[in-house]
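Structure below is upload-v2.cif: mmCIF, C-alpha atoms; chains and numbers go by the auth columns.
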data_protein
#
loop_
_atom_site.group_PDB
_atom_site.id
_atom_site.type_symbol
_atom_site.label_atom_id
_atom_site.label_comp_id
_atom_site.label_asym_id
_atom_site.label_seq_id
_atom_site.Cartn_x
_atom_site.Cartn_y
_atom_site.Cartn_z
_atom_site.B_iso_or_equiv
_atom_site.auth_seq_id
_atom_site.auth_asym_id
ATOM 1 C CA MET A 1 24.882 -163.079 85.824 0.00 1 A
ATOM 2 C CA ARG A 2 21.600 -164.521 87.034 0.00 2 A
ATOM 3 C CA PRO A 3 21.171 -168.336 87.139 0.00 3 A
ATOM 4 C CA THR A 4 18.703 -169.859 84.675 0.00 4 A
ATOM 5 C CA GLU A 5 18.088 -173.070 86.618 0.00 5 A
ATOM 6 C CA CYS A 6 17.692 -173.999 90.249 0.00 6 A
ATOM 7 C CA PRO A 7 17.762 -177.558 91.604 0.00 7 A
ATOM 8 C CA ARG A 8 14.863 -176.719 93.963 0.00 8 A
ATOM 9 C CA GLU A 9 12.671 -175.196 91.273 0.00 9 A
ATOM 10 C CA GLN A 10 10.624 -178.376 90.847 0.00 10 A
ATOM 11 C CA ASP A 11 10.083 -178.590 94.625 0.00 11 A
ATOM 12 C CA VAL A 12 8.687 -175.047 94.618 0.00 12 A
ATOM 13 C CA MET A 13 6.432 -175.853 91.644 0.00 13 A
ATOM 14 C CA ASP A 14 5.151 -179.020 93.344 0.00 14 A
ATOM 15 C CA ALA A 15 4.401 -177.112 96.563 0.00 15 A
ATOM 16 C CA ILE A 16 2.503 -174.410 94.667 0.00 16 A
ATOM 17 C CA ALA A 17 0.602 -176.865 92.454 0.00 17 A
ATOM 18 C CA SER A 18 -0.456 -179.023 95.394 0.00 18 A
ATOM 19 C CA GLY A 19 -1.657 -176.003 97.381 0.00 19 A
ATOM 20 C CA ARG A 20 0.925 -176.406 100.160 0.00 20 A
ATOM 21 C CA TRP A 21 2.612 -173.075 99.397 0.00 21 A
ATOM 22 C CA PRO A 22 3.058 -170.878 101.491 0.00 22 A
ATOM 23 C CA HIS A 23 1.374 -172.131 104.687 0.00 23 A
ATOM 24 C CA ARG A 24 1.856 -175.908 104.612 0.00 24 A
ATOM 25 C CA CYS A 25 5.432 -176.384 103.439 0.00 25 A
ATOM 26 C CA ASP A 26 8.631 -176.780 105.440 0.00 26 A
ATOM 27 C CA ALA A 27 10.733 -173.871 106.643 0.00 27 A
ATOM 28 C CA GLU A 28 13.694 -174.997 104.556 0.00 28 A
ATOM 29 C CA LEU A 29 11.732 -174.412 101.313 0.00 29 A
ATOM 30 C CA HIS A 30 10.613 -170.990 102.593 0.00 30 A
ATOM 31 C CA ALA A 31 14.214 -170.066 103.322 0.00 31 A
ATOM 32 C CA HIS A 32 15.322 -171.240 99.891 0.00 32 A
ATOM 33 C CA VAL A 33 12.626 -169.214 98.093 0.00 33 A
ATOM 34 C CA GLU A 34 13.600 -166.095 100.020 0.00 34 A
ATOM 35 C CA ALA A 35 17.289 -166.611 99.134 0.00 35 A
ATOM 36 C CA CYS A 36 16.910 -167.737 95.483 0.00 36 A
ATOM 37 C CA ASP A 37 15.880 -165.043 92.996 0.00 37 A
ATOM 38 C CA LEU A 38 14.707 -167.586 90.426 0.00 38 A
ATOM 39 C CA CYS A 39 12.431 -169.453 92.864 0.00 39 A
ATOM 40 C CA SER A 40 11.058 -166.234 94.375 0.00 40 A
ATOM 41 C CA ASP A 41 10.163 -164.992 90.881 0.00 41 A
ATOM 42 C CA LEU A 42 8.603 -168.361 90.139 0.00 42 A
ATOM 43 C CA ALA A 43 6.467 -168.214 93.284 0.00 43 A
ATOM 44 C CA GLU A 44 5.502 -164.623 92.569 0.00 44 A
ATOM 45 C CA VAL A 45 4.242 -165.507 89.085 0.00 45 A
ATOM 46 C CA VAL A 46 2.771 -168.975 89.576 0.00 46 A
ATOM 47 C CA VAL A 47 0.816 -168.373 92.822 0.00 47 A
ATOM 48 C CA PRO A 48 -1.635 -165.847 91.242 0.00 48 A
ATOM 49 C CA ILE A 49 -2.107 -168.165 88.275 0.00 49 A
ATOM 50 C CA ARG A 50 -2.900 -171.080 90.591 0.00 50 A
ATOM 51 C CA ASP A 51 -5.273 -168.893 92.651 0.00 51 A
ATOM 52 C CA ASP A 52 -7.065 -167.777 89.502 0.00 52 A
ATOM 53 C CA PHE A 53 -7.345 -171.410 88.372 0.00 53 A
ATOM 54 C CA GLU A 54 -8.837 -172.450 91.724 0.00 54 A
ATOM 55 C CA GLN A 55 -11.279 -169.543 91.620 0.00 55 A
ATOM 56 C CA THR A 56 -12.342 -170.546 88.125 0.00 56 A
ATOM 57 C CA LEU A 57 -12.897 -174.135 89.251 0.00 57 A
ATOM 58 C CA TYR A 58 -14.973 -172.880 92.168 0.00 58 A
ATOM 59 C CA GLU A 59 -17.120 -170.639 89.968 0.00 59 A
ATOM 60 C CA ALA A 60 -17.548 -173.114 87.112 0.00 60 A
ATOM 61 C CA ARG A 61 -21.088 -174.313 86.606 0.00 61 A
ATOM 62 C CA VAL A 62 -20.963 -177.815 85.189 0.00 62 A
ATOM 63 C CA PRO A 63 -24.343 -179.000 83.928 0.00 63 A
ATOM 64 C CA THR A 64 -25.809 -182.095 85.473 0.00 64 A
ATOM 65 C CA ALA A 65 -25.667 -185.408 83.664 0.00 65 A
ATOM 66 C CA GLY A 66 -29.425 -185.248 83.071 0.00 66 A
ATOM 67 C CA ALA A 67 -29.202 -181.827 81.419 0.00 67 A
ATOM 68 C CA THR A 68 -26.317 -182.984 79.246 0.00 68 A
ATOM 69 C CA TRP A 69 -28.246 -186.106 78.218 0.00 69 A
ATOM 70 C CA TRP A 70 -31.377 -184.052 77.470 0.00 70 A
ATOM 71 C CA ARG A 71 -29.395 -181.630 75.263 0.00 71 A
ATOM 72 C CA ALA A 72 -27.798 -184.533 73.412 0.00 72 A
ATOM 73 C CA GLN A 73 -31.231 -186.063 72.783 0.00 73 A
ATOM 74 C CA VAL A 74 -32.644 -182.768 71.498 0.00 74 A
ATOM 75 C CA ARG A 75 -29.649 -182.299 69.211 0.00 75 A
ATOM 76 C CA ALA A 76 -29.956 -185.868 67.879 0.00 76 A
ATOM 77 C CA ARG A 77 -33.655 -185.319 67.148 0.00 77 A
ATOM 78 C CA LEU A 78 -32.946 -182.058 65.325 0.00 78 A
ATOM 79 C CA GLU A 79 -30.204 -183.667 63.244 0.00 79 A
ATOM 80 C CA ALA A 80 -32.489 -186.611 62.387 0.00 80 A
ATOM 81 C CA ARG A 81 -35.273 -184.227 61.392 0.00 81 A
ATOM 82 C CA GLU A 82 -32.855 -182.270 59.190 0.00 82 A
ATOM 83 C CA ALA A 83 -31.606 -185.451 57.520 0.00 83 A
ATOM 84 C CA ALA A 84 -35.160 -186.655 56.902 0.00 84 A
ATOM 85 C CA SER A 85 -36.303 -183.346 55.437 0.00 85 A
ATOM 86 C CA ARG A 86 -33.545 -183.045 52.800 0.00 86 A
ATOM 87 C CA PRO A 87 -35.147 -185.412 50.256 0.00 87 A
ATOM 88 C CA ILE A 88 -38.542 -183.849 50.907 0.00 88 A
ATOM 89 C CA ARG A 89 -37.139 -180.376 50.168 0.00 89 A
ATOM 90 C CA ALA A 90 -35.537 -181.691 46.967 0.00 90 A
ATOM 91 C CA VAL A 91 -38.789 -183.253 45.789 0.00 91 A
ATOM 92 C CA THR A 92 -40.651 -180.065 46.690 0.00 92 A
ATOM 93 C CA ALA A 93 -38.218 -177.996 44.615 0.00 93 A
ATOM 94 C CA VAL A 94 -38.604 -180.336 41.639 0.00 94 A
ATOM 95 C CA ALA A 95 -42.397 -180.294 42.005 0.00 95 A
ATOM 96 C CA LEU A 96 -42.383 -176.496 42.114 0.00 96 A
ATOM 97 C CA ALA A 97 -40.259 -176.335 38.962 0.00 97 A
ATOM 98 C CA CYS A 98 -42.522 -178.826 37.203 0.00 98 A
ATOM 99 C CA SER A 99 -45.700 -177.018 38.233 0.00 99 A
ATOM 100 C CA THR A 100 -44.248 -173.687 37.081 0.00 100 A
ATOM 101 C CA GLY A 101 -43.422 -175.212 33.716 0.00 101 A
ATOM 102 C CA LEU A 102 -46.864 -176.786 33.483 0.00 102 A
ATOM 103 C CA LEU A 103 -48.519 -173.470 34.326 0.00 103 A
ATOM 104 C CA ALA A 104 -46.462 -171.725 31.647 0.00 104 A
ATOM 105 C CA ALA A 105 -47.436 -174.394 29.097 0.00 105 A
ATOM 106 C CA VAL A 106 -51.135 -174.191 29.984 0.00 106 A
ATOM 107 C CA LEU A 107 -51.105 -170.396 29.802 0.00 107 A
ATOM 108 C CA THR A 108 -49.321 -170.521 26.451 0.00 108 A
ATOM 109 C CA LEU A 109 -51.824 -172.972 25.029 0.00 109 A
ATOM 110 C CA ALA A 110 -54.822 -171.170 26.563 0.00 110 A
ATOM 111 C CA TRP A 111 -53.691 -167.677 25.568 0.00 111 A
ATOM 112 C CA PRO A 112 -55.633 -167.520 22.268 0.00 112 A
ATOM 113 C CA TRP A 113 -58.850 -168.421 24.108 0.00 113 A
ATOM 114 C CA MET A 114 -58.045 -166.018 26.980 0.00 114 A
ATOM 115 C CA ARG A 115 -57.271 -163.235 24.489 0.00 115 A
ATOM 116 C CA THR A 116 -60.627 -163.772 22.791 0.00 116 A
ATOM 117 C CA TRP A 117 -62.416 -163.800 26.142 0.00 117 A
ATOM 118 C CA LEU A 118 -60.615 -160.626 27.284 0.00 118 A
ATOM 119 C CA TRP A 119 -61.499 -158.939 23.971 0.00 119 A
ATOM 120 C CA ALA A 120 -65.144 -159.933 24.485 0.00 120 A
ATOM 121 C CA GLN A 121 -64.984 -158.274 27.919 0.00 121 A
ATOM 122 C CA GLY A 122 -63.708 -155.084 26.326 0.00 122 A
ATOM 123 C CA ILE A 123 -60.089 -155.489 27.452 0.00 123 A
ATOM 124 C CA ASP A 124 -57.391 -155.093 24.810 0.00 124 A
ATOM 125 C CA ALA A 125 -54.954 -157.953 25.488 0.00 125 A
ATOM 126 C CA PRO A 126 -51.392 -157.903 24.146 0.00 126 A
ATOM 127 C CA VAL A 127 -50.500 -160.145 21.246 0.00 127 A
ATOM 128 C CA LEU A 128 -48.085 -162.905 22.207 0.00 128 A
ATOM 129 C CA PRO A 129 -45.905 -164.756 19.731 0.00 129 A
ATOM 130 C CA ASP A 130 -47.371 -167.932 18.336 0.00 130 A
ATOM 131 C CA PRO A 131 -45.880 -170.919 20.230 0.00 131 A
ATOM 132 C CA SER A 132 -45.926 -173.023 17.081 0.00 132 A
ATOM 133 C CA GLY A 133 -43.307 -170.680 15.569 0.00 133 A
ATOM 134 C CA VAL A 134 -41.003 -171.237 18.537 0.00 134 A
ATOM 135 C CA ILE A 135 -41.469 -174.999 18.253 0.00 135 A
ATOM 136 C CA ALA A 136 -40.729 -174.848 14.505 0.00 136 A
ATOM 137 C CA LEU A 137 -37.567 -172.830 15.192 0.00 137 A
ATOM 138 C CA LEU A 138 -36.367 -175.369 17.748 0.00 138 A
ATOM 139 C CA ALA A 139 -37.195 -178.308 15.517 0.00 139 A
ATOM 140 C CA GLY A 140 -35.426 -176.755 12.535 0.00 140 A
ATOM 141 C CA ARG A 141 -32.174 -175.015 13.321 0.00 141 A
ATOM 142 C CA GLY A 142 -32.207 -175.280 17.127 0.00 142 A
ATOM 143 C CA LEU A 143 -32.549 -179.039 17.553 0.00 143 A
ATOM 144 C CA PRO A 144 -29.232 -179.418 19.434 0.00 144 A
ATOM 145 C CA LEU A 145 -30.323 -176.596 21.724 0.00 145 A
ATOM 146 C CA ALA A 146 -33.653 -178.323 22.375 0.00 146 A
ATOM 147 C CA ILE A 147 -31.932 -181.644 23.128 0.00 147 A
ATOM 148 C CA GLY A 148 -29.496 -179.918 25.501 0.00 148 A
ATOM 149 C CA ALA A 149 -32.314 -178.115 27.308 0.00 149 A
ATOM 150 C CA ALA A 150 -34.245 -181.382 27.662 0.00 150 A
ATOM 151 C CA LEU A 151 -31.188 -183.164 29.068 0.00 151 A
ATOM 152 C CA ILE A 152 -30.588 -180.362 31.567 0.00 152 A
ATOM 153 C CA ALA A 153 -34.237 -180.440 32.593 0.00 153 A
ATOM 154 C CA LEU A 154 -34.022 -184.190 33.170 0.00 154 A
ATOM 155 C CA ALA A 155 -30.647 -184.120 34.941 0.00 155 A
ATOM 156 C CA ALA A 156 -31.364 -181.138 37.218 0.00 156 A
ATOM 157 C CA PRO A 157 -33.577 -183.023 39.723 0.00 157 A
ATOM 158 C CA VAL A 158 -31.070 -185.887 39.938 0.00 158 A
ATOM 159 C CA ALA A 159 -28.197 -183.450 40.503 0.00 159 A
ATOM 160 C CA LEU A 160 -30.224 -181.594 43.136 0.00 160 A
ATOM 161 C CA ILE A 161 -31.002 -184.779 45.038 0.00 161 A
ATOM 162 C CA LEU A 162 -27.369 -185.897 44.919 0.00 162 A
ATOM 163 C CA ALA A 163 -26.155 -182.478 46.063 0.00 163 A
ATOM 164 C CA LEU A 164 -28.554 -182.346 48.996 0.00 164 A
ATOM 165 C CA SER A 165 -28.121 -185.923 50.152 0.00 165 A
ATOM 166 C CA GLU A 166 -25.744 -186.616 53.013 0.00 166 A
ATOM 167 C CA ARG A 167 -22.663 -188.544 51.971 0.00 167 A
ATOM 168 C CA ARG A 168 -21.758 -191.545 54.101 0.00 168 A
ATOM 169 C CA HIS A 169 -18.264 -192.988 53.906 0.00 169 A
#
Is it possible to express this structure as structure tokens?
Amino acid sequence: MRPTECPREQDVMDAIASGRWPHRCDAELHAHVEACDLCSDLAEVVVPIRDDFEQTLYEARVPTAGATWWRAQVRARLEAREAASRPIRAVTAVALACSTGLLAAVLTLAWPWMRTWLWAQGIDAPVLPDPSGVIALLAGRGLPLAIGAALIALAAPVALILALSERRH
């Protein structure tokens, strides 16, 4: 049965880790490694790993402190710009929604005049439903629906701003 521990195993590991193995260690340790199967296997496995580690350290390109500082400054500026633009984007979205609604309202109110003008130009314009009928429907049976729609329209910008704002704890 093969031993699972060797009292000199740590000595072999220390010699390999410090770079003394195989050329700068004593002859007694060399003789032990040649005689002990466990330590010879250890040296056979750990030496290539250590060599690969040293090669990696040699080839590693660590950026200079100035480059690291510059990258950190650029990143901080980008993050600050992003944080500053969130409320602006929210207000822009609300303004776009409001202007779309205003355009729809103006077109609805101006449609009878536009239809007359198009007819005078010889263009047959489609007949749109009378907006006063829609308003009467909402005021009559659909009042809860109208109130709900108004509340959603008022709460949507607030919810959008809260959703886009950065939370600080």
Taking all atoms of range 4-22 of chain A that appear in the file, build a box with edges along x, y and z, extend it by 6 Å on every side, and state its centre and edge lengths in Å to one decimal, as AutoDock Vina command-line options.
--center_x 8.5 --center_y -174.4 --center_z 93.1 --size_x 32.4 --size_y 21.2 --size_z 28.8
Inset, instruction - Between CA of Met13 in chain A and CA of Ile49 in chain A, measure the distance and give it in Å to one decimal. - result: 12.0 Å
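Shortest atom-to-atom contact with Glu5 in chain A among A:Ala31, A:Ala17, A:Cys98, A:Cys39: A:Cys39, counting all atoms listed in the file.
CA of Ala95 in chain A to CA of Ala80 in chain A spans 23.5 Å [interatomic distance, one decimal].
Across the structure, CA of Leu154 in chain A and CA of Val94 in chain A are spaced 10.4 Å apart.
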Inset, instruction - Please provide the set of residues having any atom within 12 Å of range 51-62 of chain A, restricted to all atoms listed in the file, with same-chain residues fewer than 5 positions apart removed, written as number ranges by chain. - result: A: 16-19, 21, 43-46, 67-68
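Here, the PyMOL selection byres ((chain A and resi 155-159) around 10) matches Ala90, Val91, Ala93, Val94, Ala95, Ala97, Ala149, Ala150, Leu151, Ile152, Ala153, Leu154, Leu160, Ile161, Leu162, Ala163, Leu164 and Ser165 of chain A.
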